[in-house]
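Peer 1: Take a look at run-v3.pdb, PDB, C-alpha atoms:
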```pdb
ATOM      1  CA  MET A  13      49.470 -73.824  36.850  1.00  0.00           C
ATOM      2  CA  HIS A  14      47.765 -70.724  35.459  1.00  0.00           C
ATOM      3  CA  GLY A  15      46.893 -72.672  32.324  1.00  0.00           C
ATOM      4  CA  PHE A  16      44.975 -75.259  34.331  1.00  0.00           C
ATOM      5  CA  TRP A  17      42.901 -72.552  36.038  1.00  0.00           C
ATOM      6  CA  ARG A  18      42.165 -70.860  32.722  1.00  0.00           C
ATOM      7  CA  ALA A  19      41.159 -74.204  31.214  1.00  0.00           C
ATOM      8  CA  ALA A  20      38.989 -75.012  34.240  1.00  0.00           C
ATOM      9  CA  LEU A  21      37.264 -71.632  33.973  1.00  0.00           C
ATOM     10  CA  TYR A  22      36.779 -72.136  30.244  1.00  0.00           C
ATOM     11  CA  ALA A  23      35.263 -75.598  30.793  1.00  0.00           C
ATOM     12  CA  ALA A  24      33.000 -74.210  33.546  1.00  0.00           C
ATOM     13  CA  ALA A  25      31.882 -71.319  31.321  1.00  0.00           C
ATOM     14  CA  LEU A  26      31.077 -73.738  28.481  1.00  0.00           C
ATOM     15  CA  GLY A  27      29.091 -75.935  30.847  1.00  0.00           C
ATOM     16  CA  ILE A  28      27.165 -73.024  32.309  1.00  0.00           C
ATOM     17  CA  LEU A  29      26.428 -71.380  28.949  1.00  0.00           C
ATOM     18  CA  ALA A  30      25.475 -74.618  27.198  1.00  0.00           C
ATOM     19  CA  HIS A  31      22.215 -74.894  29.128  1.00  0.00           C
ATOM     20  CA  PRO A  32      20.643 -71.486  28.374  1.00  0.00           C
ATOM     21  CA  VAL A  33      21.840 -71.614  24.770  1.00  0.00           C
ATOM     22  CA  GLY A  34      20.292 -75.066  24.324  1.00  0.00           C
ATOM     23  CA  GLN A  35      17.063 -73.941  25.997  1.00  0.00           C
ATOM     24  CA  ALA A  36      16.866 -70.865  23.747  1.00  0.00           C
ATOM     25  CA  LEU A  37      17.009 -72.830  20.494  1.00  0.00           C
ATOM     26  CA  PRO A  38      13.577 -73.084  18.858  1.00  0.00           C
ATOM     27  CA  ARG A  39      12.479 -76.716  18.888  1.00  0.00           C
ATOM     28  CA  ARG A  40      10.868 -76.326  15.457  1.00  0.00           C
ATOM     29  CA  TRP A  41      14.418 -76.245  14.020  1.00  0.00           C
ATOM     30  CA  PHE A  42      14.949 -79.873  15.028  1.00  0.00           C
ATOM     31  CA  ASP A  43      13.662 -82.932  13.190  1.00  0.00           C
ATOM     32  CA  GLY A  44      14.940 -86.328  14.289  1.00  0.00           C
ATOM     33  CA  GLY A  45      14.313 -87.734  10.831  1.00  0.00           C
ATOM     34  CA  ARG A  46      16.552 -85.275   8.989  1.00  0.00           C
ATOM     35  CA  PHE A  47      20.274 -84.679   8.650  1.00  0.00           C
ATOM     36  CA  PRO A  48      22.291 -84.662  10.833  1.00  0.00           C
ATOM     37  CA  TYR A  49      19.997 -86.206  13.450  1.00  0.00           C
ATOM     38  CA  ARG A  50      18.463 -89.026  11.418  1.00  0.00           C
ATOM     39  CA  CYS A  51      19.469 -92.571  12.177  1.00  0.00           C
ATOM     40  CA  TYR A  52      21.992 -93.855   9.635  1.00  0.00           C
ATOM     41  CA  LYS A  53      22.061 -97.404   8.272  1.00  0.00           C
ATOM     42  CA  TRP A  54      25.318 -98.199  10.068  1.00  0.00           C
ATOM     43  CA  GLU A  55      23.635 -97.365  13.405  1.00  0.00           C
ATOM     44  CA  LYS A  56      21.095-100.154  12.796  1.00  0.00           C
ATOM     45  CA  GLN A  57      18.222 -98.236  14.464  1.00  0.00           C
ATOM     46  CA  GLY A  58      20.334 -97.751  17.607  1.00  0.00           C
ATOM     47  CA  LYS A  59      21.381-101.401  17.922  1.00  0.00           C
ATOM     48  CA  LEU A  60      25.020-100.409  17.315  1.00  0.00           C
ATOM     49  CA  TYR A  61      24.976 -98.683  20.700  1.00  0.00           C
ATOM     50  CA  THR A  62      23.654-101.822  22.366  1.00  0.00           C
ATOM     51  CA  ARG A  63      26.877-103.522  21.291  1.00  0.00           C
ATOM     52  CA  ILE A  64      28.916-100.996  23.289  1.00  0.00           C
ATOM     53  CA  GLY A  65      26.811-101.703  26.374  1.00  0.00           C
ATOM     54  CA  ILE A  66      24.997 -98.376  26.467  1.00  0.00           C
ATOM     55  CA  GLU A  67      22.159 -99.807  28.582  1.00  0.00           C
ATOM     56  CA  ARG A  68      24.652-100.582  31.361  1.00  0.00           C
ATOM     57  CA  TRP A  69      26.308 -97.157  31.560  1.00  0.00           C
ATOM     58  CA  LYS A  70      23.787 -94.601  30.296  1.00  0.00           C
ATOM     59  CA  LYS A  71      22.086 -94.353  33.690  1.00  0.00           C
ATOM     60  CA  LEU A  72      25.457 -93.532  35.280  1.00  0.00           C
ATOM     61  CA  VAL A  73      25.936 -90.235  33.433  1.00  0.00           C
ATOM     62  CA  PRO A  74      24.240 -87.124  34.832  1.00  0.00           C
ATOM     63  CA  ASP A  75      20.833 -86.185  33.446  1.00  0.00           C
ATOM     64  CA  MET A  76      20.487 -82.426  33.861  1.00  0.00           C
ATOM     65  CA  SER A  77      16.686 -82.639  33.509  1.00  0.00           C
ATOM     66  CA  ARG A  78      16.657 -84.143  37.018  1.00  0.00           C
ATOM     67  CA  PHE A  79      18.254 -80.980  38.431  1.00  0.00           C
ATOM     68  CA  LEU A  80      17.019 -78.122  36.246  1.00  0.00           C
ATOM     69  CA  PRO A  81      13.276 -77.488  36.410  1.00  0.00           C
ATOM     70  CA  ASP A  82      13.092 -75.747  33.010  1.00  0.00           C
ATOM     71  CA  MET A  83      14.243 -78.839  31.137  1.00  0.00           C
ATOM     72  CA  VAL A  84      11.939 -81.458  29.643  1.00  0.00           C
ATOM     73  CA  LYS A  85      11.890 -84.546  31.858  1.00  0.00           C
ATOM     74  CA  LYS A  86      13.312 -87.567  30.043  1.00  0.00           C
ATOM     75  CA  GLU A  87      11.139 -90.190  31.713  1.00  0.00           C
ATOM     76  CA  VAL A  88       7.595 -90.666  30.517  1.00  0.00           C
ATOM     77  CA  ASP A  89       4.645 -92.679  31.771  1.00  0.00           C
ATOM     78  CA  PRO A  90       4.082 -95.185  28.947  1.00  0.00           C
ATOM     79  CA  ALA A  91       0.383 -95.456  29.819  1.00  0.00           C
ATOM     80  CA  ALA A  92      -0.250 -91.705  29.590  1.00  0.00           C
ATOM     81  CA  VAL A  93       2.268 -90.392  27.061  1.00  0.00           C
ATOM     82  CA  THR A  94       1.056 -88.683  23.883  1.00  0.00           C
ATOM     83  CA  ALA A  95       2.579 -88.447  20.425  1.00  0.00           C
ATOM     84  CA  SER A  96       3.224 -84.722  20.908  1.00  0.00           C
ATOM     85  CA  GLN A  97       5.100 -85.360  24.176  1.00  0.00           C
ATOM     86  CA  VAL A  98       7.292 -87.956  22.458  1.00  0.00           C
ATOM     87  CA  GLU A  99       7.859 -85.594  19.530  1.00  0.00           C
ATOM     88  CA  LEU A 100       9.153 -83.017  22.014  1.00  0.00           C
ATOM     89  CA  LEU A 101      11.487 -85.656  23.495  1.00  0.00           C
ATOM     90  CA  VAL A 102      12.822 -86.421  19.995  1.00  0.00           C
ATOM     91  CA  GLN A 103      13.515 -82.706  19.499  1.00  0.00           C
ATOM     92  CA  GLU A 104      15.218 -82.571  22.905  1.00  0.00           C
ATOM     93  CA  THR A 105      17.563 -85.395  21.851  1.00  0.00           C
ATOM     94  CA  CYS A 106      18.487 -83.346  18.775  1.00  0.00           C
ATOM     95  CA  VAL A 107      19.160 -80.232  20.871  1.00  0.00           C
ATOM     96  CA  ALA A 108      21.278 -82.180  23.364  1.00  0.00           C
ATOM     97  CA  GLU A 109      23.265 -83.776  20.562  1.00  0.00           C
ATOM     98  CA  LEU A 110      23.892 -80.394  18.911  1.00  0.00           C
ATOM     99  CA  VAL A 111      24.990 -78.798  22.190  1.00  0.00           C
ATOM    100  CA  HIS A 112      27.505 -81.572  22.886  1.00  0.00           C
ATOM    101  CA  VAL A 113      28.832 -81.512  19.308  1.00  0.00           C
ATOM    102  CA  VAL A 114      29.362 -77.741  19.603  1.00  0.00           C
ATOM    103  CA  LEU A 115      31.163 -78.263  22.929  1.00  0.00           C
ATOM    104  CA  ILE A 116      33.497 -80.715  21.190  1.00  0.00           C
ATOM    105  CA  LEU A 117      34.082 -78.196  18.391  1.00  0.00           C
ATOM    106  CA  LEU A 118      34.993 -75.575  21.004  1.00  0.00           C
ATOM    107  CA  SER A 119      37.349 -77.898  22.888  1.00  0.00           C
ATOM    108  CA  PRO A 120      40.516 -77.152  20.827  1.00  0.00           C
ATOM    109  CA  VAL A 121      40.793 -73.959  22.902  1.00  0.00           C
ATOM    110  CA  PHE A 122      42.247 -76.295  25.562  1.00  0.00           C
ATOM    111  CA  LEU A 123      45.246 -76.724  23.258  1.00  0.00           C
ATOM    112  CA  VAL A 124      46.019 -73.037  23.724  1.00  0.00           C
ATOM    113  CA  LEU A 125      45.109 -72.715  27.411  1.00  0.00           C
ATOM    114  CA  LEU A 126      46.982 -75.720  28.772  1.00  0.00           C
ATOM    115  CA  PRO A 127      50.702 -76.467  28.857  1.00  0.00           C
ATOM    116  CA  LYS A 128      52.077 -78.647  26.080  1.00  0.00           C
ATOM    117  CA  GLY A 129      51.641 -82.330  26.823  1.00  0.00           C
ATOM    118  CA  TRP A 130      48.608 -81.802  29.032  1.00  0.00           C
ATOM    119  CA  ASN A 131      46.631 -79.891  26.432  1.00  0.00           C
ATOM    120  CA  TRP A 132      45.890 -82.868  24.177  1.00  0.00           C
ATOM    121  CA  ILE A 133      45.222 -85.181  27.125  1.00  0.00           C
ATOM    122  CA  CYS A 134      42.774 -82.767  28.753  1.00  0.00           C
ATOM    123  CA  MET A 135      41.008 -81.995  25.488  1.00  0.00           C
ATOM    124  CA  LEU A 136      40.556 -85.697  24.720  1.00  0.00           C
ATOM    125  CA  LEU A 137      39.312 -86.434  28.245  1.00  0.00           C
ATOM    126  CA  TYR A 138      36.853 -83.534  28.008  1.00  0.00           C
ATOM    127  CA  ASP A 139      35.550 -84.786  24.667  1.00  0.00           C
ATOM    128  CA  LEU A 140      35.572 -88.519  25.436  1.00  0.00           C
ATOM    129  CA  PHE A 141      34.006 -88.330  28.892  1.00  0.00           C
ATOM    130  CA  GLY A 142      32.249 -84.962  28.962  1.00  0.00           C
ATOM    131  CA  ASN A 143      30.525 -84.985  25.588  1.00  0.00           C
ATOM    132  CA  LEU A 144      30.754 -88.180  23.545  1.00  0.00           C
ATOM    133  CA  PRO A 145      28.691 -90.336  25.968  1.00  0.00           C
ATOM    134  CA  PHE A 146      25.850 -87.809  25.811  1.00  0.00           C
ATOM    135  CA  ILE A 147      25.891 -87.785  22.003  1.00  0.00           C
ATOM    136  CA  LEU A 148      25.808 -91.581  21.933  1.00  0.00           C
ATOM    137  CA  ILE A 149      22.878 -91.659  24.371  1.00  0.00           C
ATOM    138  CA  GLN A 150      20.883 -89.252  22.180  1.00  0.00           C
ATOM    139  CA  ARG A 151      21.630 -91.298  19.071  1.00  0.00           C
ATOM    140  CA  TYR A 152      20.616 -94.489  20.910  1.00  0.00           C
ATOM    141  CA  ASN A 153      17.362 -93.061  22.295  1.00  0.00           C
ATOM    142  CA  ARG A 154      16.175 -91.146  19.222  1.00  0.00           C
ATOM    143  CA  PRO A 155      15.224 -94.089  16.948  1.00  0.00           C
ATOM    144  CA  ARG A 156      13.379 -95.752  19.814  1.00  0.00           C
ATOM    145  CA  LEU A 157      11.493 -92.539  20.559  1.00  0.00           C
ATOM    146  CA  MET A 158      10.701 -92.058  16.875  1.00  0.00           C
ATOM    147  CA  ARG A 159       9.224 -95.561  16.677  1.00  0.00           C
ATOM    148  CA  LEU A 160       7.143 -94.822  19.789  1.00  0.00           C
ATOM    149  CA  HIS A 161       6.046 -91.510  18.258  1.00  0.00           C
ATOM    150  CA  ALA A 162       4.876 -93.249  15.068  1.00  0.00           C
ATOM    151  CA  LEU A 163       2.998 -95.888  17.100  1.00  0.00           C
ATOM    152  CA  LEU A 164       1.282 -93.255  19.248  1.00  0.00           C
ATOM    153  CA  GLN A 165       0.359 -91.181  16.196  1.00  0.00           C
ATOM    154  CA  ARG A 166      -1.281 -94.208  14.550  1.00  0.00           C
ATOM    155  CA  ARG A 167      -3.083 -95.049  17.793  1.00  0.00           C
ATOM    156  CA  GLU A 168      -4.302 -91.458  18.250  1.00  0.00           C
ATOM    157  CA  GLN A 169      -5.456 -91.282  14.622  1.00  0.00           C
ATOM    158  CA  ARG A 170      -7.387 -94.563  14.980  1.00  0.00           C
ATOM    159  CA  LYS A 171      -8.944 -93.323  18.194  1.00  0.00           C
ATOM    160  CA  GLY A 172      -9.866 -90.021  16.523  1.00  0.00           C
ATOM    161  CA  THR A 173     -11.403 -91.884  13.577  1.00  0.00           C
ATOM    162  CA  HIS A 174     -13.482 -94.057  15.898  1.00  0.00           C
ATOM    163  CA  GLU A 175     -14.629 -91.011  17.876  1.00  0.00           C
ATOM    164  CA  HIS A 176     -15.750 -89.253  14.683  1.00  0.00           C
ATOM    165  CA  SER A 177     -17.610 -92.288  13.385  1.00  0.00           C
ATOM    166  CA  ASP A 178     -19.392 -92.687  16.731  1.00  0.00           C
ATOM    167  CA  THR A 179     -20.572 -89.057  16.718  1.00  0.00           C
ATOM    168  CA  ASP A 180     -21.776 -89.314  13.128  1.00  0.00           C
ATOM    169  CA  LEU A 181     -24.377 -91.973  14.061  1.00  0.00           C
TER     170      LEU A 181
END
```
Could I get this structure in the form of C-alpha coordinates?
Peer 2:
Amino acid sequence: MHGFWRAALYAAALGILAHPVGQALPRRWFDGGRFPYRCYKWEKQGKLYTRIGIERWKKLVPDMSRFLPDMVKKEVDPAAVTASQVELLVQETCVAELVHVVLILLSPVFLVLLPKGWNWICMLLYDLFGNLPFILIQRYNRPRLMRLHALLQRREQRKGTHEHSDTDL
(Lines of atoms letter the chains of each structure in order from A and count residues from 1; the text may use other names and numbers.)
(Lines give C-alpha, C1' and ligand atoms only; values in the text may rest on other atoms or scores of the structure.)
Protein backbone atom coordinates (compact mmCIF):
# COMPACT_ATOMS: atom_id res chain seq x y z
CA MET A 1 0.00 0.00 0.00
CA HIS A 2 2.94 2.34 0.59
CA GLY A 3 3.70 2.24 -3.13
CA PHE A 4 0.24 3.56 -3.98
CA TRP A 5 0.67 6.51 -1.60
CA ARG A 6 4.11 7.30 -3.01
CA ALA A 7 2.73 7.12 -6.55
CA ALA A 8 -0.24 9.32 -5.59
CA LEU A 9 2.10 11.89 -4.04
CA TYR A 10 4.33 11.76 -7.11
CA ALA A 11 1.35 12.28 -9.44
CA ALA A 12 0.09 15.16 -7.25
CA ALA A 13 3.55 16.78 -7.22
CA LEU A 14 3.78 16.51 -11.02
CA GLY A 15 0.33 18.06 -11.38
CA ILE A 16 1.10 20.89 -9.00
CA LEU A 17 4.53 21.66 -10.47
CA ALA A 18 3.40 21.44 -14.09
CA HIS A 19 1.45 24.69 -13.86
CA PRO A 20 4.17 27.06 -12.59
CA VAL A 21 6.77 25.46 -14.84
CA GLY A 22 4.50 25.89 -17.86
CA GLN A 23 3.71 29.48 -16.88
CA ALA A 24 7.42 30.28 -16.48
CA LEU A 25 8.37 29.19 -20.00
CA PRO A 26 8.94 32.19 -22.28
CA ARG A 27 6.26 32.20 -24.96
CA ARG A 28 8.76 33.43 -27.56
CA TRP A 29 10.26 29.91 -27.49
CA PHE A 30 7.09 28.49 -29.03
CA ASP A 31 6.10 28.62 -32.69
CA GLY A 32 3.11 26.57 -33.79
CA GLY A 33 4.50 26.35 -37.31
CA ARG A 34 7.79 24.70 -36.33
CA PHE A 35 8.89 21.29 -35.12
CA PRO A 36 7.60 19.64 -33.01
CA TYR A 37 4.40 21.69 -32.86
CA ARG A 38 3.69 22.10 -36.57
CA CYS A 39 0.80 20.23 -38.08
CA TYR A 40 2.01 17.16 -39.98
CA LYS A 41 0.51 15.92 -43.25
CA TRP A 42 -0.93 12.81 -41.59
CA GLU A 43 -2.91 15.05 -39.20
CA LYS A 44 -4.72 16.59 -42.18
CA GLN A 45 -4.91 20.07 -40.58
CA GLY A 46 -6.55 18.58 -37.47
CA LYS A 47 -9.19 16.58 -39.35
CA LEU A 48 -7.63 13.33 -38.08
CA TYR A 49 -8.83 14.27 -34.60
CA THR A 50 -12.35 14.83 -35.88
CA ARG A 51 -12.39 11.15 -36.83
CA ILE A 52 -11.80 10.17 -33.20
CA GLY A 53 -14.72 12.34 -32.11
CA ILE A 54 -12.69 15.03 -30.38
CA GLU A 55 -15.52 17.57 -30.65
CA ARG A 56 -17.73 15.31 -28.52
CA TRP A 57 -15.29 14.74 -25.65
CA LYS A 58 -12.91 17.71 -25.57
CA LYS A 59 -15.35 19.81 -23.53
CA LEU A 60 -15.50 17.02 -20.92
CA VAL A 61 -11.83 17.29 -19.90
CA PRO A 62 -10.86 19.96 -17.36
CA ASP A 63 -9.63 23.30 -18.68
CA MET A 64 -7.35 24.75 -16.01
CA SER A 65 -7.71 28.26 -17.48
CA ARG A 66 -11.24 28.28 -16.03
CA PHE A 67 -9.84 27.83 -12.51
CA LEU A 68 -6.46 29.56 -12.51
CA PRO A 69 -6.58 33.32 -13.04
CA ASP A 70 -2.98 33.58 -14.31
CA MET A 71 -3.67 31.38 -17.33
CA VAL A 72 -4.72 32.65 -20.75
CA LYS A 73 -8.44 32.08 -21.25
CA LYS A 74 -9.09 29.65 -24.10
CA GLU A 75 -12.36 31.17 -25.28
CA VAL A 76 -12.27 34.26 -27.44
CA ASP A 77 -14.91 36.64 -28.74
CA PRO A 78 -14.73 36.12 -32.51
CA ALA A 79 -15.98 39.67 -33.14
CA ALA A 80 -13.28 41.31 -31.01
CA VAL A 81 -10.27 38.99 -31.19
CA THR A 82 -6.98 40.25 -32.62
CA ALA A 83 -4.19 38.45 -34.44
CA SER A 84 -1.86 38.96 -31.47
CA GLN A 85 -4.39 37.39 -29.08
CA VAL A 86 -4.72 34.35 -31.36
CA GLU A 87 -0.93 34.14 -31.68
CA LEU A 88 -0.74 33.94 -27.89
CA LEU A 89 -3.35 31.15 -27.92
CA VAL A 90 -1.24 29.24 -30.49
CA GLN A 91 1.78 29.58 -28.19
CA GLU A 92 -0.33 28.41 -25.24
CA THR A 93 -1.27 25.24 -27.17
CA CYS A 94 2.44 24.58 -27.70
CA VAL A 95 3.21 25.08 -23.99
CA ALA A 96 0.34 22.81 -22.94
CA GLU A 97 1.45 20.13 -25.37
CA LEU A 98 5.05 20.30 -24.12
CA VAL A 99 3.97 20.10 -20.47
CA HIS A 100 1.85 17.01 -21.09
CA VAL A 101 4.58 15.33 -23.17
CA VAL A 102 7.06 15.94 -20.33
CA LEU A 103 4.56 14.48 -17.84
CA ILE A 104 4.36 11.35 -20.00
CA LEU A 105 8.17 11.18 -20.12
CA LEU A 106 8.26 11.37 -16.32
CA SER A 107 5.59 8.69 -15.86
CA PRO A 108 7.94 5.65 -15.91
CA VAL A 109 8.73 6.54 -12.28
CA PHE A 110 5.40 4.81 -11.55
CA LEU A 111 7.09 1.56 -12.58
CA VAL A 112 9.42 1.93 -9.61
CA LEU A 113 6.93 3.33 -7.09
CA LEU A 114 4.10 0.86 -7.58
CA PRO A 115 3.96 -2.88 -6.96
CA LYS A 116 4.57 -5.14 -9.93
CA GLY A 117 1.43 -5.69 -11.97
CA TRP A 118 -0.13 -2.39 -10.94
CA ASN A 119 2.80 -0.28 -12.06
CA TRP A 120 2.24 -0.69 -15.80
CA ILE A 121 -1.54 -0.36 -15.46
CA CYS A 122 -1.30 2.85 -13.44
CA MET A 123 1.33 4.36 -15.71
CA LEU A 124 -0.76 3.64 -18.81
CA LEU A 125 -3.91 5.03 -17.19
CA TYR A 126 -2.02 8.17 -16.15
CA ASP A 127 -0.68 8.65 -19.67
CA LEU A 128 -3.83 7.66 -21.59
CA PHE A 129 -6.33 9.61 -19.50
CA GLY A 130 -4.24 12.25 -17.74
CA ASN A 131 -2.08 13.48 -20.60
CA LEU A 132 -2.83 12.11 -24.06
CA PRO A 133 -6.29 13.75 -24.38
CA PHE A 134 -4.76 17.15 -23.63
CA ILE A 135 -2.05 16.66 -26.26
CA LEU A 136 -4.65 15.65 -28.83
CA ILE A 137 -6.78 18.71 -28.02
CA GLN A 138 -3.80 21.03 -28.53
CA ARG A 139 -2.93 19.36 -31.83
CA TYR A 140 -6.58 19.64 -32.94
CA ASN A 141 -6.95 23.30 -31.96
CA ARG A 142 -3.59 24.61 -33.18
CA PRO A 143 -4.14 24.40 -36.97
CA ARG A 144 -7.55 26.03 -36.60
CA LEU A 145 -6.06 28.82 -34.50
CA MET A 146 -3.22 29.27 -36.98
CA ARG A 147 -5.69 29.66 -39.84
CA LEU A 148 -7.63 32.22 -37.78
CA HIS A 149 -4.37 34.02 -36.98
CA ALA A 150 -3.47 34.26 -40.68
CA LEU A 151 -6.97 35.53 -41.54
CA LEU A 152 -6.86 38.17 -38.80
CA GLN A 153 -3.37 39.28 -39.82
CA ARG A 154 -4.51 39.78 -43.43
CA ARG A 155 -7.60 41.64 -42.24
CA GLU A 156 -5.57 43.88 -39.90
CA GLN A 157 -3.02 44.59 -42.64
CA ARG A 158 -5.79 45.53 -45.10
CA LYS A 159 -7.39 47.75 -42.49
CA GLY A 160 -4.01 49.37 -41.74
CA THR A 161 -3.41 49.95 -45.46
CA HIS A 162 -6.82 51.58 -45.87
CA GLU A 163 -6.23 53.78 -42.81
CA HIS A 164 -2.88 54.97 -44.20
CA SER A 165 -4.30 55.71 -47.63
CA ASP A 166 -7.16 57.69 -46.07
CA THR A 167 -4.76 59.85 -44.03
CA ASP A 168 -2.55 60.49 -47.04
CA LEU A 169 -5.37 62.32 -48.88
Peer 1: Within 12 Å of A:Leu21, counting all atoms listed in the file, which residues show up once you throw out same-chain ones fewer than 6 positions away? Write them as a CSV table (one decimal) with C-alpha atoms, keeping the file's coordinate frame, please.
Peer 2:
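File written: out35.csv
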```csv
chain,number,residue,atom,x,y,z
A,14,HIS,CA,47.8,-70.7,35.5
A,15,GLY,CA,46.9,-72.7,32.3
A,27,GLY,CA,29.1,-75.9,30.8
A,28,ILE,CA,27.2,-73.0,32.3
A,29,LEU,CA,26.4,-71.4,28.9
A,121,VAL,CA,40.8,-74.0,22.9
A,122,PHE,CA,42.2,-76.3,25.6
A,125,LEU,CA,45.1,-72.7,27.4
A,126,LEU,CA,47.0,-75.7,28.8
```
Peer 1: Give as a list of chain:residue names every residue, naming chains and numbers as the document does, that has an atom within 12 Å of (13.4, -72.9, 21.4), counting all atoms listed in the file.
Peer 2: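 Residues close enough to count: A:His31, A:Pro32, A:Val33, A:Gly34, A:Gln35, A:Ala36, A:Leu37, A:Pro38, A:Arg39, A:Arg40, A:Trp41, A:Phe42, A:Asp82, A:Met83, A:Val84, A:Leu100, A:Gln103, A:Glu104, A:Cys106, A:Val107.
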Peer 1: Pick out the closest residue to A:Leu26 from this set: A:Leu115, A:Leu136, A:Arg156, A:Val102. Count all atoms listed in the file.
Peer 2: A:Leu115
Peer 1: Applying the PyMOL selection byres ((chain A and resi 140-143) around 8) to the file I just gave you, which residues come out? Please list them as a list in words.
Peer 2: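 Applied to this file, the PyMOL selection byres ((chain A and resi 140-143) around 8) selects His112, Val113, Leu115, Ile116, Leu136, Leu137, Tyr138, Asp139, Leu144, Pro145, Phe146 and Ile147 of chain A.
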Peer 1: Leaving out stretch 48-53 of chain A and any residue of its chain fewer than 3 positions from it, which residues lie within 7 Å of it when counting all atoms listed in the file, given as a PDB file with C-alpha atoms, in the coordinates of the input?
Peer 2:
```
ATOM      1  CA  GLY A  44      14.940 -86.328  14.289  1.00  0.00           C
ATOM      2  CA  GLY A  45      14.313 -87.734  10.831  1.00  0.00           C
ATOM      3  CA  LYS A  56      21.095-100.154  12.796  1.00  0.00           C
ATOM      4  CA  GLN A  57      18.222 -98.236  14.464  1.00  0.00           C
ATOM      5  CA  CYS A 106      18.487 -83.346  18.775  1.00  0.00           C
ATOM      6  CA  PRO A 155      15.224 -94.089  16.948  1.00  0.00           C
TER       7      PRO A 155
END
```
Peer 1: Given the PyMOL selection byres ((chain A and resi 164) around 9) and the file above, list the residues it selects as an mmCIF file with C-alpha atoms, keeping the file's coordinate frame.
Peer 2:
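The result, stored in result_27.cif:
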```
data_model
loop_
_atom_site.group_PDB
_atom_site.id
_atom_site.type_symbol
_atom_site.label_atom_id
_atom_site.label_comp_id
_atom_site.auth_asym_id
_atom_site.auth_seq_id
_atom_site.Cartn_x
_atom_site.Cartn_y
_atom_site.Cartn_z
ATOM 1 C CA VAL A 93 2.268 -90.392 27.061
ATOM 2 C CA THR A 94 1.056 -88.683 23.883
ATOM 3 C CA ALA A 95 2.579 -88.447 20.425
ATOM 4 C CA SER A 96 3.224 -84.722 20.908
ATOM 5 C CA VAL A 98 7.292 -87.956 22.458
ATOM 6 C CA ARG A 159 9.224 -95.561 16.677
ATOM 7 C CA LEU A 160 7.143 -94.822 19.789
ATOM 8 C CA HIS A 161 6.046 -91.510 18.258
ATOM 9 C CA ALA A 162 4.876 -93.249 15.068
ATOM 10 C CA LEU A 163 2.998 -95.888 17.100
ATOM 11 C CA GLN A 165 0.359 -91.181 16.196
ATOM 12 C CA ARG A 166 -1.281 -94.208 14.550
ATOM 13 C CA ARG A 167 -3.083 -95.049 17.793
ATOM 14 C CA GLU A 168 -4.302 -91.458 18.250
ATOM 15 C CA GLN A 169 -5.456 -91.282 14.622
#
```
Peer 1: In Å, how far is it from atom CA of A:Leu118 to atom CA of A:Arg18?
Peer 2: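 Going from atom CA of A:Leu118 over to atom CA of A:Arg18 covers 14.5 Å.
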Peer 1: Would you mind reading off the distance between atom CA of A:Trp132 and atom CA of A:Val114, one decimal, in Å?
Peer 2: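 Taking atom CA of A:Trp132 as the start and atom CA of A:Val114 as the end point, the length is 17.9 Å.
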Peer 1: With all atoms of stretch 62-81 of chain A from the file as input, state the centre and edge lengths in Å to one decimal of the axis-aligned box that has 6 Å extra on each side, as JSON.
Peer 2:
```
{"center_x": 21.1, "center_y": -90.5, "center_z": 29.9, "size_x": 27.6, "size_y": 38.0, "size_z": 29.1}
```
Peer 1: Could you tell me how far atom CA of A:Ala23 sits from atom CA of A:Ser119, in Å to one decimal place?
Peer 2: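 Atom CA of A:Ala23 lies at a distance of 8.5 Å from atom CA of A:Ser119.
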Peer 1: Counting only C-alpha atoms, what is within 12 Å of A:Ile64, bar same-chain residues fewer than 5 positions away, as a PyMOL selection string?
Peer 2: chain A and resi 55+58-59+69-70+145+148-149+152
Peer 1: Using all atoms listed in the file, find the one residue out of A:Ala25, A:Pro127, A:Met135, A:Thr105 that sits nearest to A:Asp43.
Peer 2: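 That would be A:Thr105, the residue with the smallest distance to A:Asp43.
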